[in-house]
Amino acid sequence: MNLNKLSGMSGQLRARLEAWSIPEPNTGCWLWMGSDSGGGPYGSYGRISVDGVMVGAHRAMFVCVHGAVPNGLDVSHTCNTPACINPDHLFAGTKRSPQGEAAAFLKAALTWTGEGCLVFGVVNPQVHD
């Protein structure tokens with residue numbers, strides 16, 4: 001499905017997106033409470049049905065608020081929270097954009113403890129004399 005077609009008729013979809021999210025007061029994230037992608041240790045991306053097709057909730061919100069996603073770009077999060085659909089936290093960019101590189105670094109620096117916790121670890125453990 002080409003979500004970019006929705007940019008002119010997004011009121012009803014945005015209302016659905018907002019109804020399925022809750023604000024997180026400490027970060028400003030709007031956390032998606034609906035269906036998700038079942039992701040790994042860094043969290044799951046929200047999913048919503050649009051015309052019978054499941055699409056990313058963050059991408060749907062981006063299109064509703066900011067308009068079409070330019071060709072070749074992805075919708076990413078400045079907050080690095082996959083479940084967030086706050087349009088102020090979303091941007092169109094490549095994985096090589098400064099924000100994308102920062103998110104990749106953060107993910108590499110986090111260690112999944114296996115006990116339901118993420119902790120900062122050493123990205124490149126090396127001993128220097």
# chains A, B, ... in the order shown; residues from 1 in each chain; ligands from 1
$ select_by_dssp --residues "range 45-103 of chain A" --states "strand (DSSP E)" --output "MDAnalysis selection string"
chainID A and resid 47:50 53:56 74:77 90:93
$ residues_around --residues "range 70-84 of chain A" --least-positions-apart "5" --cutoff "7 Å" --atoms "only C-alpha atoms" --output "mmCIF file with C-alpha atoms, in the first residue's frame"
data_model
loop_
_atom_site.group_PDB
_atom_site.id
_atom_site.type_symbol
_atom_site.label_atom_id
_atom_site.label_comp_id
_atom_site.auth_asym_id
_atom_site.auth_seq_id
_atom_site.Cartn_x
_atom_site.Cartn_y
_atom_site.Cartn_z
ATOM 1 C CA CYS A 29 6.532 9.755 23.396
ATOM 2 C CA TRP A 30 3.058 8.626 22.351
ATOM 3 C CA LEU A 31 3.303 4.883 22.952
ATOM 4 C CA TRP A 32 1.372 2.657 20.562
ATOM 5 C CA GLY A 43 10.960 -3.039 21.152
ATOM 6 C CA SER A 44 8.245 -3.492 18.594
ATOM 7 C CA TYR A 45 6.952 -1.149 15.923
ATOM 8 C CA GLY A 46 3.228 -0.449 16.022
ATOM 9 C CA HIS A 58 4.708 5.513 12.993
ATOM 10 C CA ARG A 59 4.807 5.750 9.199
ATOM 11 C CA HIS A 89 9.585 12.533 17.203
ATOM 12 C CA LEU A 90 9.385 11.294 13.596
ATOM 13 C CA PHE A 91 11.561 12.304 10.658
ATOM 14 C CA ALA A 92 12.176 11.112 7.114
ATOM 15 C CA GLY A 93 15.774 10.136 6.565
ATOM 16 C CA THR A 94 18.134 7.378 5.603
ATOM 17 C CA GLN A 99 19.911 10.778 13.433
ATOM 18 C CA ALA A 103 20.191 5.557 16.736
#
$ atom_distance --atom1 "CA of Pro25 in chain A" --atom2 "CA of Pro87 in chain A"
15.3 Å
$ closest_residue --among "A:Ile85, A:Gly28, A:Arg14, A:Gly38" --to "Ala57 in chain A" --atoms "only C-alpha atoms"
A:Ile85
